[in-house]
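*Asks:* Structure incoming, see below.
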Amino acid sequence: MNDTPVPVAPLPEPPADALRKLREADALLAEGVQRIMGVATDLPGASHPLEEALRLSEEQAMATMDAAESAQKQLLLIEQTAIAGGFIDAPLEAIRNSLQTILTSQQGQDLAGQRLKKTITLLHAVETRVQEALSQFGALACTQDGEVQDTFSGQRLDQGSVDDLLAELGI
């Protein structure tokens, strides 16, 4: 048996640009979501700003639907009261209140939508930087015998594995 050590070539240094892109992605994630979500001003006490925006959006959607149903009922009451020759002040006030609720709810929906749209833009920017960095690192993966190989030509996830990962996230 030969006890002579086999020389191992040192791994090449990762490209500085790839490391910079990964640092940018990290910084975007660390600071971007907090700034976009305006946690301190718009959603005080929110520990998970995206979930809070989604919760707010759902609540506002329900309030809008309830107010629209209420206004429709009041319109029917006005029609019936007008036929009978009665007063319609109370139903008109109820409709006015319902319309105000709808307006307020839609403002909340708009706020949540703006935050989610900005977050999606942020996540696309992070994704781009990570993909660029990974493609630069791709040329640096070495096999056991020291040959350079493209990491993207290696084993990839099949569609079933991707579906399983997404299912774990509830997507």
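Order determines the names: the first chain of the structure tokens is A, the second B, and so forth; residues in each chain are numbered 1 upward, and ligands are numbered 1 upward as they are shown.
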Compile the contact shell of Gln107 in chain A as a list in words: residues with an atom at most 9 Å away, counting only C-alpha atoms, same-chain residues fewer than 5 positions apart removed.
*Replies:* Gln60, Ile102 and Ala112 of chain A
*Asks:* Write a file of the just-selected residues containing N, CA, C and O atoms, as a PDB file, in the first residue's frame.
*Replies:*
```
ATOM      1  N   GLN A  60     -60.547  43.556   6.879  1.00  0.00           N
ATOM      2  CA  GLN A  60     -61.149  44.647   6.126  1.00  0.00           C
ATOM      3  C   GLN A  60     -62.059  44.117   5.018  1.00  0.00           C
ATOM      4  O   GLN A  60     -63.102  44.709   4.729  1.00  0.00           O
ATOM      5  N   ILE A 102     -67.299  50.908   4.408  1.00  0.00           N
ATOM      6  CA  ILE A 102     -66.705  50.383   3.172  1.00  0.00           C
ATOM      7  C   ILE A 102     -65.476  51.200   2.795  1.00  0.00           C
ATOM      8  O   ILE A 102     -64.418  50.643   2.473  1.00  0.00           O
ATOM      9  N   ALA A 112     -52.552  47.414   3.062  1.00  0.00           N
ATOM     10  CA  ALA A 112     -52.003  46.057   3.081  1.00  0.00           C
ATOM     11  C   ALA A 112     -51.501  45.669   1.698  1.00  0.00           C
ATOM     12  O   ALA A 112     -50.421  45.082   1.557  1.00  0.00           O
TER      13      ALA A 112
END
```
*Asks:* Nearest to Gly108 in chain A: which of A:Ile120, A:Ile83, A:Ala61, A:Ala133 is it, counting only C-alpha atoms?
*Replies:*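 Comparing A:Ile120, A:Ile83, A:Ala61, A:Ala133 against Gly108 in chain A, the winner is A:Ala61.
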*Asks:* A:Ala16, A:Ile95, A:Glu24, A:Glu31: which is nearest Asp66 in chain A, counting only C-alpha atoms?
*Replies:*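 Smallest separation from Asp66 in chain A among the options: A:Ile95.
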*Asks:* What is the distance between CA of Leu103 in chain A and CA of Phe87 in chain A, in Å to one decimal?
*Replies:* 26.3 Å
*Asks:* Which residues, written as a VMD selection string, have at least one atom at most 12 Å from Glu58 in chain A, with only C-alpha atoms counted and residues fewer than 3 positions away on the same chain left out?
*Replies:* chain A and resid 51 to 55 61 to 65 105 to 106 108 to 110 112 to 113
*Asks:* I'd like the interatomic distance between CA of Pro15 in chain A and CA of Ser135 in chain A, to a tenth of an Å.
*Replies:*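 We find that CA of Pro15 in chain A and CA of Ser135 in chain A lie 10.7 Å from each other.
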